[in-house]
file coords_39.txt (compact mmCIF, C-alpha atoms and all ligand atoms)
# COMPACT_ATOMS: atom_id res chain seq x y z
CA MET G 1 -6.48 9.67 -5.69
CA GLY G 2 -8.41 11.45 -8.44
CA ASN G 3 -9.18 9.91 -11.81
CA LEU G 4 -6.79 12.27 -13.59
CA SER G 5 -3.92 11.34 -11.26
CA LYS G 6 -4.65 7.66 -11.70
CA ARG G 7 -4.65 8.04 -15.48
CA TRP G 8 -1.38 10.00 -15.31
CA PHE G 9 0.29 7.37 -13.11
CA ALA G 10 -0.82 4.54 -15.40
CA THR G 11 0.53 6.47 -18.40
CA ILE G 12 3.97 7.07 -16.90
CA TYR G 13 4.18 3.62 -15.35
CA GLY G 14 4.02 1.80 -18.71
CA PRO G 15 7.52 2.90 -19.82
CA ILE G 16 8.90 2.53 -16.25
CA ASP G 17 7.62 -1.04 -16.21
CA ARG G 18 9.18 -1.86 -19.58
CA TRP G 19 12.49 -0.43 -18.31
CA GLN G 20 12.60 -2.39 -15.06
CA ARG G 21 10.83 -5.62 -16.07
CA ARG G 22 14.02 -7.34 -17.15
CA SER G 23 16.17 -6.08 -14.27
CA THR G 24 13.70 -7.27 -11.63
CA ALA G 25 12.87 -10.59 -13.32
CA ALA G 26 15.20 -12.76 -11.22
CA ILE G 27 13.89 -11.28 -7.97
CA ARG G 28 10.27 -11.79 -9.05
CA ARG G 29 10.91 -15.37 -10.19
CA ASP G 30 12.47 -16.17 -6.83
CA LEU G 31 9.67 -14.37 -4.99
CA VAL G 32 6.62 -16.02 -6.56
CA GLY G 33 7.85 -18.91 -8.72
CA ASP G 34 7.24 -21.58 -6.08
CA LEU G 35 3.77 -20.45 -4.94
CA GLN G 36 0.91 -22.89 -5.35
CA GLY G 37 -2.85 -22.75 -5.07
CA ASP G 38 -4.89 -19.55 -4.94
CA ILE G 39 -2.67 -16.49 -5.06
CA LEU G 40 -3.62 -12.83 -4.61
CA ASP G 41 -1.37 -10.38 -6.49
CA VAL G 42 -2.22 -7.01 -4.97
CA GLY G 43 -1.51 -3.86 -6.98
CA CYS G 44 -0.62 -5.94 -10.02
CA GLY G 45 -0.07 -2.84 -12.19
CA PRO G 46 0.81 -3.92 -15.75
CA GLY G 47 1.08 -7.57 -14.67
CA THR G 48 4.83 -7.63 -14.19
CA ASN G 49 4.72 -10.76 -12.00
CA PHE G 50 2.46 -12.79 -14.28
CA GLU G 51 5.13 -14.62 -16.28
CA HIS G 52 6.74 -15.88 -13.07
CA TYR G 53 3.83 -17.83 -11.61
CA ARG G 54 3.70 -21.61 -11.94
CA PRO G 55 1.39 -22.83 -14.72
CA ASP G 56 -0.72 -24.72 -12.15
CA ALA G 57 -1.31 -21.64 -9.98
CA HIS G 58 -4.56 -19.69 -9.89
CA VAL G 59 -3.87 -15.97 -9.54
CA THR G 60 -6.33 -13.22 -8.70
CA ALA G 61 -4.60 -10.00 -9.76
CA VAL G 62 -6.10 -6.78 -8.44
CA ASP G 63 -5.34 -3.11 -8.82
CA TYR G 64 -7.35 -0.15 -7.54
CA ASN G 65 -6.45 1.91 -10.61
CA GLU G 66 -8.79 1.02 -13.48
CA HIS G 67 -6.29 2.50 -15.97
CA MET G 68 -3.76 -0.19 -15.03
CA LEU G 69 -6.12 -3.06 -15.74
CA PRO G 70 -5.95 -2.94 -19.59
CA MET G 71 -2.15 -3.14 -19.36
CA ALA G 72 -2.42 -6.17 -17.05
CA ARG G 73 -4.88 -7.83 -19.45
CA LYS G 74 -2.54 -7.16 -22.38
CA THR G 75 0.34 -8.78 -20.48
CA LEU G 76 -1.90 -11.74 -19.73
CA LEU G 77 -2.81 -12.16 -23.41
CA GLY G 78 0.88 -12.08 -24.36
CA LEU G 79 2.00 -14.78 -21.90
CA ARG G 80 3.62 -17.88 -23.34
CA GLU G 81 1.72 -21.15 -22.75
CA PRO G 82 1.54 -22.86 -20.37
CA HIS G 83 0.87 -20.17 -17.82
CA ALA G 84 -1.08 -19.69 -14.63
CA VAL G 85 -4.80 -19.08 -14.70
CA ILE G 86 -4.97 -15.34 -14.01
CA GLU G 87 -8.05 -13.24 -13.32
CA VAL G 88 -7.60 -9.47 -13.42
CA ARG G 89 -10.03 -7.24 -11.52
CA GLN G 90 -10.30 -3.93 -9.75
CA ALA G 91 -9.92 -3.92 -5.95
CA ASP G 92 -8.33 -1.88 -3.20
CA ALA G 93 -5.68 -3.44 -0.97
CA MET G 94 -7.30 -1.72 2.01
CA ALA G 95 -10.77 -3.22 1.40
CA LEU G 96 -10.39 -6.53 -0.40
CA PRO G 97 -13.66 -7.99 -1.74
CA PHE G 98 -12.78 -11.54 -0.73
CA ARG G 99 -13.86 -13.90 2.03
CA ASP G 100 -11.68 -14.59 5.06
CA ALA G 101 -8.94 -17.19 4.52
CA SER G 102 -9.62 -17.44 0.77
CA PHE G 103 -6.00 -17.36 -0.48
CA ASP G 104 -2.93 -19.55 -0.10
CA ALA G 105 -0.57 -16.67 -0.88
CA TYR G 106 -0.51 -12.85 -0.84
CA VAL G 107 1.94 -11.06 -3.12
CA SER G 108 2.78 -7.35 -3.17
CA THR G 109 5.55 -5.96 -5.33
CA LEU G 110 6.28 -2.23 -5.18
CA VAL G 111 2.74 -1.42 -4.02
CA LEU G 112 2.36 -0.87 -0.30
CA CYS G 113 4.54 2.24 -0.28
CA SER G 114 1.45 3.91 -1.76
CA VAL G 115 -1.50 2.81 0.34
CA PRO G 116 -2.75 5.63 2.59
CA ASP G 117 -3.36 3.28 5.54
CA LEU G 118 -0.73 0.55 5.71
CA GLU G 119 -2.15 -1.03 8.89
CA ARG G 120 -5.48 -1.57 7.15
CA ALA G 121 -3.78 -3.20 4.17
CA VAL G 122 -1.80 -5.47 6.52
CA GLU G 123 -5.01 -6.41 8.34
CA GLU G 124 -6.68 -7.23 5.02
CA ALA G 125 -3.72 -9.41 4.01
CA TRP G 126 -4.02 -11.25 7.33
CA ARG G 127 -7.76 -11.68 6.90
CA VAL G 128 -7.79 -13.07 3.35
CA LEU G 129 -4.84 -15.42 3.87
CA ALA G 130 -5.55 -18.96 5.05
CA PRO G 131 -3.68 -20.12 8.15
CA GLY G 132 -0.20 -21.14 7.00
CA GLY G 133 -0.59 -18.97 3.87
CA ALA G 134 2.46 -17.38 2.26
CA LEU G 135 3.27 -13.68 2.28
CA ARG G 136 5.68 -12.42 -0.38
CA LEU G 137 6.79 -8.80 -0.49
CA PHE G 138 9.20 -6.92 -2.72
CA GLU G 139 9.08 -3.27 -1.69
CA HIS G 140 11.29 -0.23 -1.58
CA VAL G 141 11.89 0.94 1.98
CA ARG G 142 13.62 3.47 4.20
CA SER G 143 17.39 3.50 3.95
CA GLU G 144 19.46 2.16 6.83
CA VAL G 145 21.82 5.11 6.32
CA PRO G 146 20.49 7.94 8.53
CA TRP G 147 21.20 10.85 6.16
CA LYS G 148 19.67 9.00 3.22
CA ALA G 149 16.59 8.21 5.29
CA ARG G 150 16.30 11.91 6.17
CA VAL G 151 16.50 12.84 2.47
CA GLN G 152 13.79 10.27 1.70
CA SER G 153 11.52 11.78 4.38
CA ALA G 154 12.14 15.29 3.12
CA LEU G 155 11.23 14.30 -0.45
CA ASN G 156 8.07 12.46 0.59
CA PRO G 157 5.46 15.22 0.22
CA ALA G 158 6.49 16.27 -3.30
CA TRP G 159 7.18 12.70 -4.43
CA GLY G 160 3.81 11.50 -3.18
CA LEU G 161 2.07 14.07 -5.37
CA VAL G 162 3.60 12.81 -8.62
CA ALA G 163 3.95 9.13 -7.74
CA ASP G 164 0.56 7.86 -6.62
CA GLY G 165 0.97 8.80 -2.94
CA CYS G 166 4.21 6.81 -2.65
CA HIS G 167 6.07 7.06 0.69
CA LEU G 168 9.80 6.83 0.09
CA ASP G 169 10.67 6.11 3.72
CA ARG G 170 8.17 3.43 4.73
CA LEU G 171 9.28 0.27 6.53
CA THR G 172 6.47 -1.75 4.99
CA HIS G 173 7.86 -5.15 5.93
CA HIS G 174 8.04 -4.20 9.63
CA ALA G 175 4.28 -3.66 9.72
CA PHE G 176 3.71 -7.26 8.58
CA ILE G 177 6.23 -8.68 11.02
CA GLU G 178 4.65 -6.70 13.87
CA ARG G 179 1.23 -8.09 12.92
CA GLY G 180 2.52 -11.60 13.55
CA PHE G 181 3.63 -12.99 10.20
CA GLU G 182 6.47 -15.49 10.69
CA VAL G 183 9.52 -14.56 8.65
CA THR G 184 11.20 -17.26 6.60
CA GLU G 185 13.48 -14.94 4.60
CA GLN G 186 14.27 -11.25 4.77
CA ARG G 187 16.94 -9.53 2.73
CA ARG G 188 17.84 -6.18 1.28
CA VAL G 189 18.59 -6.14 -2.44
CA ARG G 190 20.35 -3.62 -4.61
CA MET G 191 19.53 -2.94 -8.23
CA ARG G 192 21.05 -0.63 -10.77
CA ALA G 193 17.63 0.16 -12.20
CA GLU G 194 16.24 1.22 -8.82
CA PRO G 195 18.05 3.81 -6.69
CA LEU G 196 15.89 3.14 -3.60
CA PRO G 197 16.74 0.48 -0.99
CA LEU G 198 14.68 -2.65 -1.61
CA VAL G 199 13.53 -5.46 0.64
CA VAL G 200 12.43 -8.99 -0.12
CA LEU G 201 10.32 -10.58 2.59
CA LYS G 202 9.04 -14.13 2.60
CA ALA G 203 6.81 -14.94 5.53
CA ARG G 204 3.89 -17.07 6.59
CA LYS G 205 0.68 -16.53 8.48
CA PRO G 206 0.85 -18.80 11.53
CA GLU G 207 -1.11 -22.05 11.31
CA GLN G 208 -2.86 -21.29 14.57
CA ARG G 209 -5.18 -18.31 14.29
CA SER G 210 -4.29 -15.59 16.78
CA ALA G 211 -6.40 -12.52 17.44
C1 LIG Y 301 4.64 0.88 -8.67
S1 LIG Y 301 3.28 0.01 -9.27
C2 LIG Y 301 3.82 -1.68 -9.13
C3 LIG Y 301 3.11 -2.59 -10.06
C4 LIG Y 301 3.51 -4.07 -10.00
N1 LIG Y 301 3.07 -4.68 -8.77
C5 LIG Y 301 5.00 -4.23 -10.13
O1 LIG Y 301 5.60 -4.95 -9.35
O2 LIG Y 301 5.58 -3.66 -11.06
C6 LIG Y 301 2.13 0.15 -7.93
C7 LIG Y 301 0.76 -0.41 -8.27
O3 LIG Y 301 -0.02 -0.49 -7.08
C8 LIG Y 301 -1.32 -0.02 -7.34
N2 LIG Y 301 -1.93 0.42 -6.08
C9 LIG Y 301 -1.58 1.49 -5.34
N3 LIG Y 301 -2.37 1.58 -4.26
C10 LIG Y 301 -3.24 0.53 -4.32
C11 LIG Y 301 -4.29 0.07 -3.49
N4 LIG Y 301 -4.65 0.74 -2.38
N5 LIG Y 301 -4.94 -1.05 -3.84
C12 LIG Y 301 -4.61 -1.73 -4.97
N6 LIG Y 301 -3.62 -1.33 -5.81
C13 LIG Y 301 -2.94 -0.23 -5.48
C14 LIG Y 301 -1.10 1.09 -8.35
O4 LIG Y 301 -2.27 1.39 -9.06
C15 LIG Y 301 -0.01 0.50 -9.22
O5 LIG Y 301 -0.53 -0.27 -10.26

call {"tool": "encode", "arguments": {"input": "coords_39.txt", "output": "structure tokens", "more": "lines below"}}
Ligand SMILES: C[S@@+](CC[C@H](N)C(=O)[O-])C[C@H]1O[C@@H](n2cnc3c(N)ncnc32)[C@H](O)[C@@H]1O
result
Amino acid sequence: MGNLSKRWFATIYGPIDRWQRRSTAAIRRDLVGDLQGDILDVGCGPGTNFEHYRPDAHVTAVDYNEHMLPMARKTLLGLREPHAVIEVRQADAMALPFRDASFDAYVSTLVLCSVPDLERAVEEAWRVLAPGGALRLFEHVRSEVPWKARVQSALNPAWGLVADGCHLDRLTHHAFIERGFEVTEQRRVRMRAEPLPLVVLKARKPEQRSA
């Protein structure tokens, strides 16, 4: 994605974030509020998850778009004490600059619809998570209603151009389950503020390393 497109997406995402922050708060609190230890928040955007982490957590929040990072830092500065220790930095979900098994949890909220190579991002999540580490996803996905899914696929090319390469019809959570993450909770959620079907997935990397 070019610099101009990244700047444009960061500019339009600010108001979108303010609009949906409140309506998604309960989902986010449930998704990340119990996580402990070293947490990776991938594609943190304006830092929408930050207020929901436990104060004793250590969060590394990354986004590949440098224009999102000032918004995340502003959110961080505005957090009420006590709050998690949060480090904001630039990184790509498909090439994470972290050692193997360096995190206790991997969080992605409304991000992996946009990565060009989902399998690579899944592989990176697997690599940086410690055995037994938690995976938490909140993503919009393909509809279970066939005609709606067809509409999503038809809109994909145009939508991707204006929305950071977003795929409307991706089954992101399936890619993680196929990789071998063990599901502890999987549910579809509906929200007035979001017309697309949404999935919450809580899973775990198995304790035993498998190839
Ligand atoms: C729709 S926003 C969601 C932001 C935030 N996670 C939330 O829940 O509101 C998607 C974010 O993912 C980031 N992103 C997209 N592709 C990425 C990638 N390959 N690596 C890291 N971040 C990425 C975008 O820059 C954007 O900030």

call {"tool": "residues_around", "arguments": {"input": "coords_39.txt", "residues": "region 5-19 of chain G", "least_positions_apart": "6", "cutoff": "7 Å", "atoms": "all atoms listed in the file", "output": "VMD selection string"}}
result
chain G and resid 65 67 to 68 163 to 164

call {"tool": "residues_near_ligand", "arguments": {"input": "coords_39.txt", "ligand": "ligand LIG 301 (chain Y)", "cutoff": "7 Å", "atoms": "only C-alpha atoms and all ligand atoms", "output": "mmCIF file with C-alpha atoms, in the coordinates of the input"}}
result
data_model
loop_
_atom_site.group_PDB
_atom_site.id
_atom_site.type_symbol
_atom_site.label_atom_id
_atom_site.label_comp_id
_atom_site.auth_asym_id
_atom_site.auth_seq_id
_atom_site.Cartn_x
_atom_site.Cartn_y
_atom_site.Cartn_z
ATOM 1 C CA ASP G 17 7.620 -1.040 -16.210
ATOM 2 C CA VAL G 42 -2.220 -7.010 -4.970
ATOM 3 C CA GLY G 43 -1.510 -3.860 -6.980
ATOM 4 C CA CYS G 44 -0.620 -5.940 -10.020
ATOM 5 C CA GLY G 45 -0.070 -2.840 -12.190
ATOM 6 C CA PRO G 46 0.810 -3.920 -15.750
ATOM 7 C CA GLY G 47 1.080 -7.570 -14.670
ATOM 8 C CA THR G 48 4.830 -7.630 -14.190
ATOM 9 C CA ASN G 49 4.720 -10.760 -12.000
ATOM 10 C CA VAL G 62 -6.100 -6.780 -8.440
ATOM 11 C CA ASP G 63 -5.340 -3.110 -8.820
ATOM 12 C CA TYR G 64 -7.350 -0.150 -7.540
ATOM 13 C CA ASN G 65 -6.450 1.910 -10.610
ATOM 14 C CA MET G 68 -3.760 -0.190 -15.030
ATOM 15 C CA ALA G 91 -9.920 -3.920 -5.950
ATOM 16 C CA ASP G 92 -8.330 -1.880 -3.200
ATOM 17 C CA ALA G 93 -5.680 -3.440 -0.970
ATOM 18 C CA MET G 94 -7.300 -1.720 2.010
ATOM 19 C CA SER G 108 2.780 -7.350 -3.170
ATOM 20 C CA THR G 109 5.550 -5.960 -5.330
ATOM 21 C CA LEU G 110 6.280 -2.230 -5.180
ATOM 22 C CA VAL G 111 2.740 -1.420 -4.020
ATOM 23 C CA LEU G 112 2.360 -0.870 -0.300
ATOM 24 C CA SER G 114 1.450 3.910 -1.760
ATOM 25 C CA VAL G 115 -1.500 2.810 0.340
ATOM 26 C CA ASP G 164 0.560 7.860 -6.620
#

call {"tool": "closest_residue", "arguments": {"input": "coords_39.txt", "among": "G:Lys148, G:His83, G:Arg142, G:Arg136", "to": "Thr184 (chain G)", "atoms": "all atoms listed in the file"}}
result
G:Arg136

call {"tool": "atom_distance", "arguments": {"input": "coords_39.txt", "atom1": "CA of Arg190 (chain G)", "atom2": "CA of Asp30 (chain G)"}}
result
15.0 Å

call {"tool": "closest_residue", "arguments": {"input": "coords_39.txt", "among": "G:Ile177, G:Leu137, G:Ala158, G:Cys166", "to": "Ile27 (chain G)", "atoms": "only C-alpha atoms"}}
result
G:Leu137

call {"tool": "closest_atom_pairs", "arguments": {"input": "coords_39.txt", "of": "region 83-108 of chain G", "to": "region 202-205 of chain G", "cutoff": "10 Å", "atoms": "only C-alpha atoms", "output": "JSON lines"}}
result
{"residue": "G:Asp104", "atom": "CA", "partner": "G:Lys205", "partner_atom": "CA", "distance": 9.8}
{"residue": "G:Ala105", "atom": "CA", "partner": "G:Arg204", "partner_atom": "CA", "distance": 8.7}
{"residue": "G:Tyr106", "atom": "CA", "partner": "G:Arg204", "partner_atom": "CA", "distance": 9.6}
{"residue": "G:Val107", "atom": "CA", "partner": "G:Lys202", "partner_atom": "CA", "distance": 9.6}

call {"tool": "closest_residue", "arguments": {"input": "coords_39.txt", "among": "G:Gly160, G:Gly165, G:Gly78, G:Pro206", "to": "Ala130 (chain G)", "atoms": "all atoms listed in the file"}}
result
G:Pro206

call {"tool": "atom_distance", "arguments": {"input": "coords_39.txt", "atom1": "CA of Ala125 (chain G)", "atom2": "CA of Arg170 (chain G)"}}
result
17.5 Å

call {"tool": "atom_distance", "arguments": {"input": "coords_39.txt", "atom1": "CA of Gly180 (chain G)", "atom2": "CA of Val141 (chain G)"}}
result
19.5 Å

call {"tool": "closest_residue", "arguments": {"input": "coords_39.txt", "among": "G:Val85, G:Leu69, G:Thr24, G:Gly33", "to": "Asp56 (chain G)", "atoms": "all atoms listed in the file"}}
result
G:Val85
